[in-house]
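Engineer: Submitted below is the structure of interest, expressed as structure tokens.
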Amino acid sequence: MESLRLVPKAEALQTAKEFKTDQEVRWCPGCGDYAILAAVQAFMPELGIRRENTVFVSGIGCSSRFPYYMNTYGMHSIHGRAPAIATGLAASRRDLSVWVVTGDGDALSIGGNHLIHALRRNVNLKILLFNNRIYGLTKGQYSPTSEVGKITKSTPMGSLDHPFNPISLAIGAEATFVARTIDSDRQHLQSVLRAAAEHQGTALVEIYQNCNIFNDNAFEVLKDPGTRDEALIRLEHGQPITFAGRGVFRDALGELHVAPLTEDNQADVLVHDAHHPNPALAFALSRIADADTLHHTPIGVLRSVERPVYDDLMGDQLDLAVEQQGPGDLGALLTGKDTWTVA
Amino acid sequence: MTSQVDQVEAVDGSDDGEGRSGPVPPPGVRQRPAKPIRRVDRVIIRFAGDSGDGMQLTGDRFTSETASFGNDLSTLPNFPAEIRAPAGTLPGVSSFQLHFADHDILTPGDAPNVLVAMNPAALKANLADLPRGAEIIANTDEFTKRALAKVGYAADPLGDGSLEAYHVHRVPLTALTLEALKDSGLARKDAERAKNMFALGLLSWMYHRPTHGTEAFLRQKFAKKPEIAEANIVAFRAGWNFGETTEDFAVSYEVAPARLPLGTYRNISGNLALSYGLIAAGQRSGLPVFLGSYPITPASDILHELSRHKNFGIRTFQAEDEIAGIGAALGAAFGGALGVTTTSGPGVALKSETIGLAVSLELPLLVVDIQRGGPSTGLPTKTEQADLLQAMFGRNGEAPVPIVAPATPADCFDAALEAARIAVTYRTPVFLLSDGYLANGSEPWRIPQVDELPLIDPDFATGPNHDGEFWPYQRDPATLARPWAVPGTAGLEHRIGGIEKQDGTGNISYDPANHDFMVRTRQAKIDGIDVPDLEVDDPSGSARVLVLGWGSTYGPITAAVRRVRADGGEVAQTHLRHLNPFPANLGSILKAYDKVIVPEMNLGQLALLLRAKYLVDAESYNQVRGLPFKAAQLADVLSAAIGTLEEK
């Protein structure tokens with residue numbers, strides 16, 4: 001994988017078991033995090049890189065306990081700061097595969113600033129944003145992705161704030177890779193992880209994750225076999241965007257609409273282009289879901305474009321400096337150009 | 001032998017303790033028979049003008065000329081936070097003070113012998129600092145009715161006799177500069193801007209400064225605008241020639257090179273020395289330096305400087321905020337870099353939580369705080385020492401952090417190396433507490449040989465340390481430091497975090513006894529850091545008063561001590577470089593004196609710590625004016641303290 005070209009390869013095929021630690025997993029029974037953890041542990045061997053060159057960095061929140069359960073290097077840091085910490089690590093160690101695990105409160109509220117700046121810089125980080133639209137670890141307050149009017153302990157009369165759409169936000173921050181997947185769909189989750197790992201630069205993967213204690217069934221419409229086919233739009237690069245007998249169309253103003261497929265309009269169905277340099281299409285797709293019902297929720301890779309990676313650019317400047325100035329000579333530096341001698 | 005300073009002091013009696021003692025140096029070789037030359041042992045010059053007048057550049061150049069001539073020197077830049085404060089106003093005045101001598105000096109000086117006042121505001125803002133008999137060089141072109149009225153002068157002080165106590169040179173600096181540049185083809189506005197170089201030329205003549213350095217500097221600075229370079233050089237030479245020819249300047253002065261200890265010297269500011277110290281720490285530890293920083297006055301120069309030395313493998317990261325700056329540095333430290341973050345007081349407040357995380361993770365990290373006036377935004381360009389307690393206690397929980405404070409601009413180099421040694425050896429964040437005075441001030445620095453510099457051993461973990469397993473919190477019994485195992489090391493994969501950890505394994509633990517043990521162990525690790533004993537300077541051995549300072553007050557305190565001793569007073573002096581932990585012998589030193597005076601540029605923060613830890617009645621002497629102490633002021637305090645004891 002080009003994105004991991006500087007990371008040492010594993011000598012032998014690794015197993016999911018090797019990526020598990022001896023620590024007891026302490027999420028609530030039934031939490032969506034279990035499925036994500038199992039999917040990630042099973043996926044990691046596929047990368048073929050050395051376990052010791054893999055690092056998971058997290059902030060604070062339920063999801064941020066994740067590193068304790070990955071038998072790699074890991075840091076459970078402080079609230080919202082994981083992207084900043086991981087930036088320093090990834091930028092100074094290009095031989096590492098660095099993953100950030102965060103939640104909707106951690107990434108979008110207290111850590112919002114770090115997230116958008118990591119995305120614009122295109123540091124070689126894979127950010128897994130577990131979005132359950134609620135604060136779990138602090139026992140059930142509304143989060144920056146909660147729907148307006150959410151009744152929680154801190155909002156007994158309903159929450160007032162308009163929520164963030166993490167995908168729209170990431171695209172607005174000029175992220176080079178933005179995708180969405182769902183905790184319960186392991187196959188899809190792993191396909192998105194694969195695409196993220198292959199991407200050079202920052203990848204933001206929003207994972208819809210169920211908090212069965214404080215916000216149960218928040219994404220049920222996307223999971224229930226009876227509703228999901230009509231609710232989910234599965235994006236595939238280069239493929240017409242269709243689902244459940246419907247298609248996505250773009251009008252003259254560039255706005256997207258969902259309409260039933262007919263023989264007449266088949267040819268006009270929008271073809272997904274995740275690699276388009278202009279983020280307008282990806283942004284429009286990120287807005288197509290109905291915020292209340294979650295109908296027409298796109299999953300898959302919304303955007304994946306190439307842009308130089310921050311860590312590489314930083315490393316290149318170091319190399320260039322040596323080329324232009326020669327390797328650092330401490331004695332010469334300290335002496336400088338303007339000296340006098342007392343004899 | 002004439003001393004400009006001594007003459008002045010004879011008038012107002014304000015000896016600042018910086019006079020030369022010891023043998024007279026050999027006579028200078030320069031001879032200019034046209035005008036009499038007086039040899040003086042030291043001079044204090046202050047350049048003052050509008051923020052846009054280029055006073056800092058002028059001062060820097062005069063400093064460089066002086067350094068290359070071989071004088072000892074000390075500087076005090078003083079400027080407003082605004083980039084272009086309203087022209088002609090008192091708050092807009094920017095000044096640069098330089099003290100240079102033929103002997104070892106310690107401070108930028110209390111009272112200037114010469115004030116260059118580029119406008120009425122500069123005169124008014126600085127006049128109170130001038131002793132009677134001082135020379136004033138005033139740019140008469142700027143003493144217009146309007147400019148005078150702007151700062152509240154009813155009459156022109158240059159003409160109303162109010163400056164009778166001074167030796168005033170009325171020089172039309174602007175007109176003379178324009179005249180010198182009339183053939184340059186430059187617009188009036190551009191030509192006028194060279195008037196600071198005219199002033200520099202004049203002062204360079206007055207004090208026999210070498211001029212080739214300034215000319216070379218101007219050519220390089222304006223390499224892309226040769227006509228501007230040429231104009232500045234013409235103005236500079238015109239100023240020099242003006243001094244040589246005009247009747248008003250009857251005398252020039254010579255200050256012989258200083259007899260400093262043997263070695264090769266350069267002039268260096270605190271922030272530059274600190275930057276070099278960080279680079280040296282990287283080289284001497286073999287660790288790549290990673291600086292995560294957010295621009296803030298007066299620390300930004302370190303970010304600028306380090307970013308110029310990428311060929312040393314130094315990564316500089318201008319973060320989105322202060323928190324990300326330290327976060328990235330800590331992330332890099334986890335990866336095996338020498339993580340550094342540079343900031344000032346308000347930035348430290350934002351970084352506090354991450355410093356706490358570093359305490360818990362027990363990773364090496366340097367937190368450089370160039371203190372400035374507070375609270376809040378405070379006085380961004382002025383100096384203060386009021387972050388000591390923030391550095392000491394400004395975190396949640398029991399989160400001890402070692403503190404190292406440099407004493408002089410050049411000492412910032414050694415202090416940075418010392419902070420790095422502690423951070424790496426003990427796996428801990430370390431505060432390096434400099435301040436605005438050290439950061440921007442400069443002095444000669446004896447350039448060390450690289451192989452004289454201490455080596456720092458990162459001692460990375462390479463294999464299991466506990467029955468074939470790796471325990472990230474199994475400590476070194478001597479230092480209590482935990483192993484530093486960096487990603488990429490096979491078999492040492494481990495997870496660490498801010499949650500309390502079980503001793504040894506590092507696994508999450510909420511066990512009460514374990515938490516109690518871990519809190520005490522982290523404290524014991526910091527308390528046990530190996531710091532050198534304090535040395536006391538007490539030549540007679542019978543002093544009853546001890547003066548104890550820390551950080552940048554070293555210069556003024558030492559100058560005050562010299563003065564008191566010159567007057568026959570007995571005073572002992574010691575100075576703290578390590579604020580946490582304190583040197584082991586500090587308690588016994590404090591108890592050995594009848595009175596302990598602690599001068600600080602805060603309201604008594606070190607005194608509070610001393611009283612709490614040693615139960616001594618340390619007396620604070622405080623000033624928070626955004627400026628360093630004056631030596632004479634401290635000498636009075638010390639003499640009074642000695643007097644009180646003698647009365648008893």
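Residues are named by chain letter and number: chains run A, B, ... in the order of the structure tokens, numbers start at 1 in each chain, and ligands are numbered from 1 in the order shown.
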Please give the complete set of residues from stretch 396-506 of chain B that DSSP, run on the backbone, assigns to strand (DSSP E), formatted as a PyMOL selection string.
Structural biologist: chain B and resi 403-404+429-435+442-446+495-497
Engineer: Only N, CA and C atoms, please: the residues just picked out, written as a CSV table (one decimal), in the first residue's frame.
Structural biologist:
chain,number,residue,atom,x,y,z
B,403,ILE,N,11.3,22.8,37.7
B,403,ILE,CA,11.4,24.2,37.1
B,403,ILE,C,12.8,24.6,37.1
B,404,VAL,N,13.3,25.1,35.9
B,404,VAL,CA,14.6,25.6,35.8
B,404,VAL,C,14.5,27.0,35.3
B,429,PRO,N,7.7,16.2,32.2
B,429,PRO,CA,7.7,17.6,31.6
B,429,PRO,C,8.5,18.5,32.6
B,430,VAL,N,9.2,19.5,32.0
B,430,VAL,CA,10.0,20.4,32.8
B,430,VAL,C,9.7,21.8,32.3
B,431,PHE,N,9.5,22.7,33.3
B,431,PHE,CA,9.3,24.1,32.9
B,431,PHE,C,10.7,24.8,32.8
B,432,LEU,N,10.8,25.6,31.7
B,432,LEU,CA,12.0,26.5,31.6
B,432,LEU,C,11.4,27.9,31.7
B,433,LEU,N,11.7,28.6,32.8
B,433,LEU,CA,11.1,29.9,33.0
B,433,LEU,C,12.0,31.0,32.7
B,434,SER,N,11.9,31.5,31.5
B,434,SER,CA,12.7,32.7,31.1
B,434,SER,C,11.7,33.9,31.3
B,435,ASP,N,12.1,35.0,30.8
B,435,ASP,CA,11.2,36.2,30.8
B,435,ASP,C,11.5,37.2,29.7
B,442,SER,N,20.5,41.2,25.7
B,442,SER,CA,21.6,40.5,25.2
B,442,SER,C,22.9,40.8,26.0
B,443,GLU,N,23.8,40.0,25.8
B,443,GLU,CA,25.1,40.1,26.5
B,443,GLU,C,26.2,39.3,25.8
B,444,PRO,N,27.5,39.5,26.0
B,444,PRO,CA,28.5,38.7,25.4
B,444,PRO,C,28.4,37.3,26.0
B,445,TRP,N,28.7,36.3,25.1
B,445,TRP,CA,28.6,34.9,25.5
B,445,TRP,C,29.9,34.2,25.1
B,446,ARG,N,30.6,33.6,26.1
B,446,ARG,CA,31.8,32.9,25.7
B,446,ARG,C,31.3,31.6,25.1
B,495,ARG,N,0.0,0.5,26.3
B,495,ARG,CA,-0.9,1.6,26.2
B,495,ARG,C,-0.8,2.4,27.5
B,496,ILE,N,-0.7,3.7,27.3
B,496,ILE,CA,-0.7,4.6,28.5
B,496,ILE,C,-1.7,5.7,28.3
B,497,GLY,N,-2.1,6.3,29.4
B,497,GLY,CA,-3.1,7.3,29.4
B,497,GLY,C,-3.1,8.1,30.6
Engineer: For chain A, list the residues within 6 Å of chain B, counting only C-alpha atoms, and write the list as a PyMOL selection string.
Structural biologist: chain A and resi 52-53+68+72-77+84-89+318+321-322+327-328+331+339-343
Engineer: Might you pull out every residue within 9 Å of B:Asp387, with only C-alpha atoms counted and same-chain residues fewer than 5 positions away left off, and present them as a ChimeraX atom specification?
Structural biologist: /B:344-345,348,369,371-372,374,392,433,602,605
Engineer: List the neighbours of stretch 216-231 of chain A out to 8 Å using only C-alpha atoms; skip same-chain residues closer than 3 positions along the sequence, and give me the result as a PyMOL selection string.
Structural biologist: chain A and resi 132-133+184+208-213+243-244+293-297
Engineer: Can I get the selected residues back with N, CA and C atoms, as an mmCIF file, in the first residue's frame?
Structural biologist:
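Writing the result to again14.cif gives the following:
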data_model
loop_
_atom_site.group_PDB
_atom_site.id
_atom_site.type_symbol
_atom_site.label_atom_id
_atom_site.label_comp_id
_atom_site.auth_asym_id
_atom_site.auth_seq_id
_atom_site.Cartn_x
_atom_site.Cartn_y
_atom_site.Cartn_z
ATOM 1 N N ASN A 132 -22.503 8.451 18.099
ATOM 2 C CA ASN A 132 -23.735 7.877 18.647
ATOM 3 C C ASN A 132 -24.734 8.971 19.012
ATOM 4 N N ARG A 133 -24.391 10.200 18.672
ATOM 5 C CA ARG A 133 -25.276 11.354 18.835
ATOM 6 C C ARG A 133 -25.688 11.586 20.291
ATOM 7 N N SER A 184 -22.737 -1.999 12.772
ATOM 8 C CA SER A 184 -23.254 -3.363 12.673
ATOM 9 C C SER A 184 -22.985 -4.031 11.324
ATOM 10 N N TYR A 208 -21.423 5.272 12.385
ATOM 11 C CA TYR A 208 -22.659 5.358 13.169
ATOM 12 C C TYR A 208 -22.645 4.229 14.177
ATOM 13 N N GLN A 209 -22.726 4.584 15.447
ATOM 14 C CA GLN A 209 -22.525 3.595 16.510
ATOM 15 C C GLN A 209 -23.656 3.709 17.519
ATOM 16 N N ASN A 210 -24.206 2.593 17.850
ATOM 17 C CA ASN A 210 -25.359 2.600 18.743
ATOM 18 C C ASN A 210 -24.950 2.646 20.203
ATOM 19 N N CYS A 211 -25.508 3.608 20.949
ATOM 20 C CA CYS A 211 -25.365 3.624 22.401
ATOM 21 C C CYS A 211 -26.678 3.091 22.948
ATOM 22 N N ASN A 212 -26.638 1.838 23.361
ATOM 23 C CA ASN A 212 -27.897 1.197 23.757
ATOM 24 C C ASN A 212 -28.383 1.658 25.122
ATOM 25 N N ILE A 213 -27.567 2.417 25.837
ATOM 26 C CA ILE A 213 -27.987 2.890 27.157
ATOM 27 C C ILE A 213 -28.662 4.262 27.067
ATOM 28 N N PHE A 243 -30.691 3.147 -5.320
ATOM 29 C CA PHE A 243 -31.025 2.309 -4.167
ATOM 30 C C PHE A 243 -32.540 2.073 -4.189
ATOM 31 N N ALA A 244 -32.934 0.886 -3.859
ATOM 32 C CA ALA A 244 -34.352 0.546 -3.687
ATOM 33 C C ALA A 244 -35.219 1.102 -4.810
ATOM 34 N N THR A 293 -35.459 11.805 9.694
ATOM 35 C CA THR A 293 -35.753 10.381 9.513
ATOM 36 C C THR A 293 -34.530 9.564 9.160
ATOM 37 N N LEU A 294 -33.435 10.229 8.803
ATOM 38 C CA LEU A 294 -32.203 9.595 8.309
ATOM 39 C C LEU A 294 -32.428 8.883 6.972
ATOM 40 N N HIS A 295 -33.571 9.078 6.361
ATOM 41 C CA HIS A 295 -33.775 8.505 5.037
ATOM 42 C C HIS A 295 -32.787 9.122 4.060
ATOM 43 N N HIS A 296 -32.332 8.273 3.126
ATOM 44 C CA HIS A 296 -31.372 8.684 2.092
ATOM 45 C C HIS A 296 -30.012 8.995 2.718
ATOM 46 N N THR A 297 -29.614 8.181 3.672
ATOM 47 C CA THR A 297 -28.292 8.377 4.277
ATOM 48 C C THR A 297 -27.227 7.703 3.417
#
Engineer: Would you pick out the contacts of A:Val192 at 12 Å or less, using only C-alpha atoms, so that residues sharing its chain but fewer than 4 positions from it are not included, and give the list as a ChimeraX atom specification?
Structural biologist: /A:39-40,43,126-128,177-183,185-188,196-199,203-207,234-236,299-304
Engineer: Ranking B:Ala187, B:Tyr253, B:Lys124, B:Lys613 by minimum distance to B:Gly587 and counting only C-alpha atoms, which one comes first?
Structural biologist: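 Result for the nearest residue to B:Gly587: B:Lys613.
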Engineer: My list of candidates is A:Phe214, A:Phe56, A:Tyr69, A:Phe249. Which is closest to A:Lys20 when distances are computed with only C-alpha atoms?
Structural biologist: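 Counting only C-alpha atoms, the residue closest to A:Lys20 is A:Tyr69.
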Engineer: Please return, as a PyMOL selection string, all residues of stretch 101-290 of chain A that DSSP assigns to helix (DSSP H, G or I) on the basis of the backbone.
Structural biologist: chain A and resi 104-110+112-121+166-172+186-198+220-223+228-231+266-268+280-286
Engineer: Determine, counting only C-alpha atoms, which protein, DNA and RNA residues have an atom within 7 Å of an atom of stretch 146-153 of chain A; residues of the same chain fewer than 6 positions away are not included. Present the result as a PDB file with C-alpha atoms, in the first residue's frame.
Structural biologist:
ATOM      1  CA  ARG A 133     -25.276  11.354  18.835  1.00  0.00           C
ATOM      2  CA  ILE A 134     -25.096  11.416  22.632  1.00  0.00           C
ATOM      3  CA  GLY A 140     -26.500  11.014  28.631  1.00  0.00           C
ATOM      4  CA  SER A 159     -31.858  20.807  23.062  1.00  0.00           C
ATOM      5  CA  LEU A 160     -31.638  24.079  21.169  1.00  0.00           C
ATOM      6  CA  ASP A 161     -28.481  23.734  19.095  1.00  0.00           C
ATOM      7  CA  HIS A 162     -28.480  22.850  15.475  1.00  0.00           C
ATOM      8  CA  PRO A 163     -26.339  19.735  15.045  1.00  0.00           C
TER       9      PRO A 163
END
Engineer: Which polymer residues have any atom within 8 Å of an atom of A:Leu261, counting only C-alpha atoms, with same-chain residues fewer than 2 positions away left out, as a PDB file with N, CA and C atoms, in the first residue's frame?
Structural biologist:
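This went into around-v1.pdb:
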ATOM      1  N   GLY A 245     -34.752   0.920  -6.031  1.00  0.00           N
ATOM      2  CA  GLY A 245     -35.575   1.364  -7.151  1.00  0.00           C
ATOM      3  C   GLY A 245     -35.590   2.862  -7.359  1.00  0.00           C
ATOM      4  N   ARG A 246     -34.687   3.544  -6.676  1.00  0.00           N
ATOM      5  CA  ARG A 246     -34.616   4.995  -6.848  1.00  0.00           C
ATOM      6  C   ARG A 246     -33.215   5.412  -7.257  1.00  0.00           C
ATOM      7  N   GLY A 247     -33.125   6.628  -7.700  1.00  0.00           N
ATOM      8  CA  GLY A 247     -31.822   7.126  -8.102  1.00  0.00           C
ATOM      9  C   GLY A 247     -31.636   8.559  -7.612  1.00  0.00           C
ATOM     10  N   ALA A 259     -35.365  10.341  -6.908  1.00  0.00           N
ATOM     11  CA  ALA A 259     -36.597  10.083  -7.667  1.00  0.00           C
ATOM     12  C   ALA A 259     -36.632   8.611  -8.050  1.00  0.00           C
ATOM     13  N   GLU A 263     -37.414   4.032 -17.018  1.00  0.00           N
ATOM     14  CA  GLU A 263     -36.609   3.766 -18.216  1.00  0.00           C
ATOM     15  C   GLU A 263     -36.077   5.065 -18.802  1.00  0.00           C
ATOM     16  N   ASN A 265     -35.325   7.917 -17.182  1.00  0.00           N
ATOM     17  CA  ASN A 265     -34.305   8.687 -16.443  1.00  0.00           C
ATOM     18  C   ASN A 265     -33.068   7.867 -16.076  1.00  0.00           C
ATOM     19  N   GLN A 266     -33.070   6.556 -16.427  1.00  0.00           N
ATOM     20  CA  GLN A 266     -31.927   5.691 -16.091  1.00  0.00           C
ATOM     21  C   GLN A 266     -30.579   6.341 -16.417  1.00  0.00           C
TER      22      GLN A 266
END
Engineer: Select, from B:Asp53, B:Asp516, B:Asp527, B:Glu570, the residue with the minimum atom-to-atom distance to B:Pro539, counting only C-alpha atoms.
Structural biologist: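 Comparing B:Asp53, B:Asp516, B:Asp527, B:Glu570 against B:Pro539, the winner is B:Glu570.
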Engineer: Determine the nearest neighbour of A:Ala10 from the options A:Arg250, A:Arg51, A:Lys337, A:Arg93, counting only C-alpha atoms.
Structural biologist: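 Nearest to A:Ala10: A:Arg51.
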Engineer: Between atom CA of B:Pro406 and atom CA of B:Arg577, measure the distance and give it in Å to one decimal.
Structural biologist: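 Separation between atom CA of B:Pro406 and atom CA of B:Arg577: 6.2 Å.
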